[in-house]
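In what follows, a single structure is set out as structure tokens and then discussed.
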Amino acid sequence: MSESNFYESLSDIEPGQRTYLDSNELVLNMGPQHPSTHGVLRVILKLDGEKVLGTDCVIGYLHRGVEKIGENRTYAQFNPYVDRMDYVAAVSNGLGYCLAVEKLLGVEAPKRAQYLRVILTELNRISSHHVWLGTHALDIGAITPLFYVFREREEILKIFEKYCGARLTTHAFRIGGCQYDAYEGFEKEVLKFCAEQAKKIDEYEELLTTNRIWVDRTKDVGVLSAEECIALGATGPIIRGSGVRWDLRKAQPYSSYEDFDFEIPIGLNGDTYDRYVVRIQEMRQSLRIVEQAVAGLMEGPIMAKVPKIIKPPAGEVYVSIEAPKGELGYFIVSDGTTQPYRMRVRPPSFVNLQSLDQMVRGRLVADVVAIIGTLDIVLGEVDR
Amino acid sequence: MPEDVTKSGSVSPNEVPAASPAAAAPKPPAAAAKPAVPAYQRWTGELPSRLQREYGSGVQPLSYNGQNFFTVDRAIAHAVLRVLRDEAGFDYLVDCTAVHYPQRELPFEVVWILYSFRRNERLRVKASFAEGEEVPTATDLWQTANWLEREAFDMFGTRFAGHPDLRRILLPDEWVGYPLRKDYDIRKQDQDWVQKNLGIESGQ
């Protein structure tokens, strides 16, 4: 059919029945095999053209029943399992778990162990933000930051490897303190890393902070107000990006965080750009904390007196820490035996992901990618 | 609201008197030879007495290991949560989950963990429910309860009355059984689902 015939044939159709373009809602499936969903997240998008009308997150592809496993292992046996939840911030997971069991037992790690824990946890926060920055920028189209951050992340992983033999799932801490003391030259290496990293963060900022494309893709995208964050339970850099100066390290200090001088960076608009600035500033603050902790690292024991067989008295505690993603909590119910009666993990990624729907409504499909990146989820923790 | 939490560091004085365990911030000394086994204590203060005036014996304010919680009657659970949110400033629902005690008359203990930004204080609310009984939803108070309640339903089978979209969240929709119940063995699986969907005889 020639072109002119085609249009003539259209004119035969009654005007009301012409359907050149389908104006119905389009349901688009994104993931679970999609590079910008950071794992196996599946989002069902309801679209009107390119505008997002609603979403439905399908999760659970990585569900391993961590809470059930916790009920069937002893307290010490479960310790390595928590590393497998948020695997880019395994040290933080371990710290929260150890603090929770120590609270149940009524012991406290010695001061040197607490400082060591702070150093490793803050290094881990930086490496977690490295992964966030690299993948988030890659999703939006900036490839260079990925290579920059993985270069520096390698240095952190080397320190972890020298300290405990593992790079990713570190199992760095034990209930009651640390199993390993700092290796020879630990302080020097950490300080050297800190000095270099400070300059590298300037490099990241040079690439992105005033970059026209970066600003266009992140400003006013995925806006959440402070009230919305609180209603949605979103914590960590998300609530701070919305202007709430709340950080558990300051609000309810644990593991000697009260000894260190640092600030809580906040954003103003609660958009993707502000959350980027908050995380970048957090990396700088973490460097400050690490430097102070190394300077203040005292001699002394690294393990508290903990019985060989851990048998906490019957009771229950909820202990939470400021993980790189937000509030990571452990609610443990003990019945006085060697295994927990109930092991509940309050995962920051899972709760933060719930705000995805509110953030993408009315935005474009391309913004969904930016917003998943800014949420900084790890599916191992969402699904547990 | 943000102004209240901008004071960095210092824990703002709680409204509960200093004698209460929350304000005392119990930290066992590092060198304590044998830490005393903590016991359940009565939680006294302005907030518990206010709730007790209103609800009488339906509310039990208790404290364990320096952490405060209310054990409430299931009939008033939702009303207590509303009072805590609207009048006491507990504006952030940290977590909502359940614990299964099969030997109890009311086997499902639902736990709400709350936090107040203004008071910098945490507390738990617990209520027990019978098998198959509906738990009042908290989604009308906190949006975040949506997924948390879906997860509790997925794992324990506790139905939340009034939840806008109560369906499984982590497990497949057609899964049979509730894995975090105590009568669900760790090696138990939904064999039918495994055989049908994974095409293998058994997941073991």
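Labels used: A, B, ... for chains in the order of the structure tokens, numbers from 1 for residues in each chain, and numbers from 1 for ligands as shown.
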Exercise. Just the helix (DSSP H, G or I) stuff from region 28-200 of chain B, please, per backbone DSSP, written as JSON, numbers by chain.
Key: {"B": [46, 47, 48, 49, 50, 51, 52, 53, 54, 55, 56, 57, 58, 74, 75, 76, 77, 78, 79, 80, 81, 82, 83, 84, 85, 86, 145, 146, 147, 148, 149, 150, 151, 152, 153, 154, 155, 156, 191, 192, 193, 194, 195, 196, 197, 198]}
Write out, as a PDB file, in the first residue's frame, the residues just selected, with C-alpha atoms.
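Full text of part-v3.pdb as output:
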ATOM      1  CA  GLU B  46       5.206  10.537  83.076  1.00  0.00           C
ATOM      2  CA  LEU B  47       4.330   8.642  79.891  1.00  0.00           C
ATOM      3  CA  PRO B  48       3.521   5.246  81.444  1.00  0.00           C
ATOM      4  CA  SER B  49       1.431   6.783  84.191  1.00  0.00           C
ATOM      5  CA  ARG B  50      -0.476   8.847  81.662  1.00  0.00           C
ATOM      6  CA  LEU B  51      -1.305   5.774  79.593  1.00  0.00           C
ATOM      7  CA  GLN B  52      -2.210   3.815  82.704  1.00  0.00           C
ATOM      8  CA  ARG B  53      -4.589   6.531  83.824  1.00  0.00           C
ATOM      9  CA  GLU B  54      -6.315   6.241  80.479  1.00  0.00           C
ATOM     10  CA  TYR B  55      -6.338   2.489  79.979  1.00  0.00           C
ATOM     11  CA  GLY B  56      -5.884   1.038  83.475  1.00  0.00           C
ATOM     12  CA  SER B  57      -4.603  -2.499  83.645  1.00  0.00           C
ATOM     13  CA  GLY B  58      -4.777  -2.906  79.861  1.00  0.00           C
ATOM     14  CA  ARG B  74      -4.945  -6.560  72.057  1.00  0.00           C
ATOM     15  CA  ALA B  75      -8.247  -4.657  72.029  1.00  0.00           C
ATOM     16  CA  ILE B  76      -6.550  -1.326  72.692  1.00  0.00           C
ATOM     17  CA  ALA B  77      -3.315  -1.898  70.751  1.00  0.00           C
ATOM     18  CA  HIS B  78      -4.258   0.420  67.925  1.00  0.00           C
ATOM     19  CA  ALA B  79      -5.575   3.120  70.270  1.00  0.00           C
ATOM     20  CA  VAL B  80      -2.315   3.058  72.252  1.00  0.00           C
ATOM     21  CA  LEU B  81      -0.264   3.368  69.074  1.00  0.00           C
ATOM     22  CA  ARG B  82      -2.361   6.325  68.007  1.00  0.00           C
ATOM     23  CA  VAL B  83      -1.930   8.066  71.358  1.00  0.00           C
ATOM     24  CA  LEU B  84       1.813   7.451  71.279  1.00  0.00           C
ATOM     25  CA  ARG B  85       2.082   8.899  67.792  1.00  0.00           C
ATOM     26  CA  ASP B  86      -0.246  11.879  68.144  1.00  0.00           C
ATOM     27  CA  ALA B 145       3.843  -0.208  58.198  1.00  0.00           C
ATOM     28  CA  ASN B 146       2.720  -1.334  54.752  1.00  0.00           C
ATOM     29  CA  TRP B 147       5.706  -3.498  53.834  1.00  0.00           C
ATOM     30  CA  LEU B 148       6.548  -4.387  57.429  1.00  0.00           C
ATOM     31  CA  GLU B 149       3.091  -5.844  57.957  1.00  0.00           C
ATOM     32  CA  ARG B 150       3.247  -7.634  54.637  1.00  0.00           C
ATOM     33  CA  GLU B 151       6.472  -9.272  55.773  1.00  0.00           C
ATOM     34  CA  ALA B 152       4.964 -10.283  59.125  1.00  0.00           C
ATOM     35  CA  PHE B 153       2.003 -11.772  57.263  1.00  0.00           C
ATOM     36  CA  ASP B 154       4.352 -13.553  54.872  1.00  0.00           C
ATOM     37  CA  MET B 155       6.386 -15.116  57.658  1.00  0.00           C
ATOM     38  CA  PHE B 156       3.811 -15.669  60.417  1.00  0.00           C
ATOM     39  CA  GLN B 191       7.581 -29.389  48.144  1.00  0.00           C
ATOM     40  CA  ASP B 192       4.746 -28.908  45.700  1.00  0.00           C
ATOM     41  CA  TRP B 193       5.965 -25.429  44.841  1.00  0.00           C
ATOM     42  CA  VAL B 194       9.576 -26.597  44.487  1.00  0.00           C
ATOM     43  CA  GLN B 195       8.624 -29.526  42.239  1.00  0.00           C
ATOM     44  CA  LYS B 196       6.322 -27.476  40.074  1.00  0.00           C
ATOM     45  CA  ASN B 197       8.436 -24.324  39.718  1.00  0.00           C
ATOM     46  CA  LEU B 198      12.002 -25.544  39.941  1.00  0.00           C
TER      47      LEU B 198
END
Which of region 34-195 of chain A fall in strand (DSSP E), as a tab-separated table (two decimals) with C-alpha atoms, in the first residue's frame:
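Contents of states.tsv, as written:
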chain	number	residue	atom	x	y	z
A	42	ARG	CA	11.99	-6.26	39.78
A	43	VAL	CA	9.85	-3.17	39.39
A	44	ILE	CA	6.57	-3.30	37.51
A	45	LEU	CA	6.03	0.18	36.12
A	46	LYS	CA	2.65	1.52	35.12
A	47	LEU	CA	3.29	4.12	32.46
A	48	ASP	CA	1.44	6.77	30.56
A	51	LYS	CA	5.39	9.20	32.74
A	52	VAL	CA	5.31	6.81	35.67
A	53	LEU	CA	1.85	6.41	37.19
A	54	GLY	CA	2.72	3.79	39.75
A	55	THR	CA	5.09	0.99	40.66
A	56	ASP	CA	5.01	-2.40	42.25
A	57	CYS	CA	8.26	-3.80	43.61
A	58	VAL	CA	8.63	-7.55	43.36
A	173	PHE	CA	34.27	-8.71	65.00
A	174	ARG	CA	33.47	-11.24	67.65
A	177	GLY	CA	35.33	-7.47	71.05
A	178	CYS	CA	37.60	-8.31	68.15
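Across A:Glu203, A:Asp259, A:Glu187, A:Asp216, the tightest approach to chain B is made by A:Asp259 when counting only C-alpha atoms.
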Quiz item: Which polymer residues have any atom within 12 Å of an atom of Gly236 (chain A), counting only C-alpha atoms, with same-chain residues fewer than 2 positions away left out, as a PyMOL selection string?
Solution: chain A and resi 125+229-230+233-234+238-249+264-266+275+278-279+282+321-328+347-349+351-352+374-377
Give me, as a tab-separated table (two decimals) with N, CA and C atoms, in the first residue's frame, the residues of chain A touching chain B, with the criterion being at most 7 Å (counting only C-alpha atoms).
chain	number	residue	atom	x	y	z
A	59	ILE	N	10.03	-8.33	45.16
A	59	ILE	CA	11.31	-8.65	45.79
A	59	ILE	C	11.25	-10.06	46.36
A	60	GLY	N	12.36	-10.52	46.84
A	60	GLY	CA	12.41	-11.84	47.45
A	60	GLY	C	13.20	-12.85	46.64
A	63	HIS	N	15.87	-14.24	48.78
A	63	HIS	CA	15.48	-14.59	50.15
A	63	HIS	C	16.11	-15.92	50.56
A	68	LYS	N	15.25	-17.13	60.00
A	68	LYS	CA	15.03	-18.53	60.39
A	68	LYS	C	16.36	-19.21	60.70
A	106	GLY	N	25.07	-8.37	78.64
A	106	GLY	CA	25.49	-7.41	79.65
A	106	GLY	C	26.99	-7.21	79.68
A	107	VAL	N	27.67	-7.35	78.54
A	107	VAL	CA	29.11	-7.07	78.49
A	107	VAL	C	29.35	-5.91	77.54
A	108	GLU	N	30.51	-5.33	77.68
A	108	GLU	CA	30.88	-4.25	76.77
A	108	GLU	C	32.29	-4.51	76.28
A	109	ALA	N	32.51	-4.26	75.01
A	109	ALA	CA	33.84	-4.50	74.45
A	109	ALA	C	34.83	-3.53	75.07
A	110	PRO	N	36.10	-3.94	75.25
A	110	PRO	CA	37.11	-3.01	75.79
A	110	PRO	C	37.32	-1.83	74.85
A	230	ILE	N	9.87	10.60	57.43
A	230	ILE	CA	9.55	10.04	58.74
A	230	ILE	C	8.37	9.09	58.61
A	231	ALA	N	7.36	9.48	57.81
A	231	ALA	CA	6.20	8.60	57.64
A	231	ALA	C	6.59	7.30	56.97
A	232	LEU	N	7.55	7.37	56.04
A	232	LEU	CA	7.97	6.18	55.31
A	232	LEU	C	9.05	5.41	56.05
A	233	GLY	N	9.55	5.96	57.14
A	233	GLY	CA	10.61	5.28	57.87
A	233	GLY	C	11.94	5.29	57.17
A	243	GLY	N	16.97	17.17	55.16
A	243	GLY	CA	17.15	18.25	56.11
A	243	GLY	C	16.98	17.87	57.58
A	244	VAL	N	16.87	16.59	57.90
A	244	VAL	CA	16.77	16.19	59.30
A	244	VAL	C	18.16	15.80	59.79
A	245	ARG	N	18.66	16.55	60.76
A	245	ARG	CA	20.01	16.27	61.25
A	245	ARG	C	19.94	15.16	62.28
A	246	TRP	N	19.81	13.94	61.79
A	246	TRP	CA	19.63	12.80	62.69
A	246	TRP	C	20.54	11.67	62.26
A	250	LYS	N	25.27	10.08	66.65
A	250	LYS	CA	25.20	11.25	67.53
A	250	LYS	C	24.02	11.14	68.50
A	251	ALA	N	22.88	10.69	67.98
A	251	ALA	CA	21.65	10.69	68.79
A	251	ALA	C	21.76	9.69	69.93
A	313	PRO	N	20.82	-14.48	79.26
A	313	PRO	CA	19.61	-14.71	80.06
A	313	PRO	C	18.37	-14.44	79.22
A	342	ARG	N	14.17	-15.66	68.76
A	342	ARG	CA	13.71	-14.91	67.58
A	342	ARG	C	14.83	-13.95	67.22
A	346	ARG	N	16.15	-5.50	61.30
A	346	ARG	CA	15.44	-4.36	60.75
A	346	ARG	C	16.35	-3.78	59.65
A	383	ASP	N	16.12	-8.65	50.68
A	383	ASP	CA	15.46	-9.96	50.65
A	383	ASP	C	15.84	-10.84	51.84
Exercise. Using only C-alpha atoms, determine which residues lie at most 8 Å from Gln197 (chain A), disregarding the query and same-chain residues fewer than 4 positions distant; provide the list as an MDAnalysis selection string.
Key: chainID A and resid 152 193 201
Output of the above residues as a PDB file, in the first residue's frame, restricted to N, CA and C atoms:
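Output (selection26.pdb):
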ATOM      1  N   GLU A 152      40.044   3.290  44.739  1.00  0.00           N
ATOM      2  CA  GLU A 152      40.255   3.564  46.168  1.00  0.00           C
ATOM      3  C   GLU A 152      39.646   2.482  47.052  1.00  0.00           C
ATOM      4  N   PHE A 193      46.008   6.022  53.767  1.00  0.00           N
ATOM      5  CA  PHE A 193      44.791   5.954  52.954  1.00  0.00           C
ATOM      6  C   PHE A 193      43.941   7.213  53.153  1.00  0.00           C
ATOM      7  N   ILE A 201      38.401  12.407  46.967  1.00  0.00           N
ATOM      8  CA  ILE A 201      37.006  12.868  47.033  1.00  0.00           C
ATOM      9  C   ILE A 201      36.870  14.181  46.275  1.00  0.00           C
TER      10      ILE A 201
END
For His163 (chain B), list every protein, DNA or RNA residue within 6 Å, evaluated using only C-alpha atoms, and leave out those in the same chain fewer than 3 positions away; present the list as a PDB file with N, CA and C atoms, in the first residue's frame.
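Saved the output as part11.pdb:
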ATOM      1  N   THR B 137      -4.336  -2.925  61.659  1.00  0.00           N
ATOM      2  CA  THR B 137      -3.206  -2.425  60.881  1.00  0.00           C
ATOM      3  C   THR B 137      -2.739  -1.082  61.432  1.00  0.00           C
ATOM      4  N   PHE B 160      -3.567  -8.624  58.971  1.00  0.00           N
ATOM      5  CA  PHE B 160      -3.722  -7.271  59.471  1.00  0.00           C
ATOM      6  C   PHE B 160      -5.006  -6.684  58.900  1.00  0.00           C
ATOM      7  N   LEU B 166      -2.645  -6.557  51.471  1.00  0.00           N
ATOM      8  CA  LEU B 166      -1.996  -7.615  52.256  1.00  0.00           C
ATOM      9  C   LEU B 166      -1.754  -8.841  51.392  1.00  0.00           C
TER      10      LEU B 166
END
Exercise. Within 9 Å of Asp367 (chain A), counting only C-alpha atoms, which residues show up once you throw out same-chain ones fewer than 2 positions away? Write them as a list in words, please.
Key: Ile140, Arg217, Thr218, Val221, Gly222, Val360, Arg363, Leu364, Val365, Val369, Ala370, Ile371 and Ile372 of chain A
Filtering to C-alpha atoms, could you give me those residues as a PDB file, in the first residue's frame?
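Final file, selection-v6.pdb:
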ATOM      1  CA  ILE A 140      23.063   8.041  34.919  1.00  0.00           C
ATOM      2  CA  ARG A 217      19.713  14.451  36.011  1.00  0.00           C
ATOM      3  CA  THR A 218      19.642  14.714  39.808  1.00  0.00           C
ATOM      4  CA  VAL A 221      14.462  14.267  41.058  1.00  0.00           C
ATOM      5  CA  GLY A 222      12.931  11.974  43.654  1.00  0.00           C
ATOM      6  CA  VAL A 360       8.945   8.068  41.080  1.00  0.00           C
ATOM      7  CA  ARG A 363       8.476  11.286  36.953  1.00  0.00           C
ATOM      8  CA  LEU A 364       9.955   9.830  33.773  1.00  0.00           C
ATOM      9  CA  VAL A 365      11.243   6.313  33.255  1.00  0.00           C
ATOM     10  CA  VAL A 369      17.021   4.569  37.284  1.00  0.00           C
ATOM     11  CA  ALA A 370      18.397   7.644  39.049  1.00  0.00           C
ATOM     12  CA  ILE A 371      16.085   7.126  42.031  1.00  0.00           C
ATOM     13  CA  ILE A 372      16.945   3.447  42.482  1.00  0.00           C
TER      14      ILE A 372
END
Self-check item: Atomic separation - CA of Met85 (chain A) relative to CA of Ser255 (chain A), Å
Solution: 21.4 Å
Quiz item: What separation in Å, quoted to one decimal, exists between CA of Val345 (chain A) and CA of Leu41 (chain A)?
Solution: 19.6 Å
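Across the model, the gap from CA of Asn79 (chain A) to CA of Glu155 (chain A) is 25.1 Å.
Excluding Glu105 (chain B) and any residue on its chain fewer than 5 positions from it, the residues at most 10 Å away by only C-alpha atoms are Ser128, Phe129, Ala130 and Glu131 of chain B.
Checking A:Thr209, A:Gln285, A:Ser127, A:Gln33 one by one against Phe160 (chain A), counting only C-alpha atoms, you find the shortest gap at A:Ser127.
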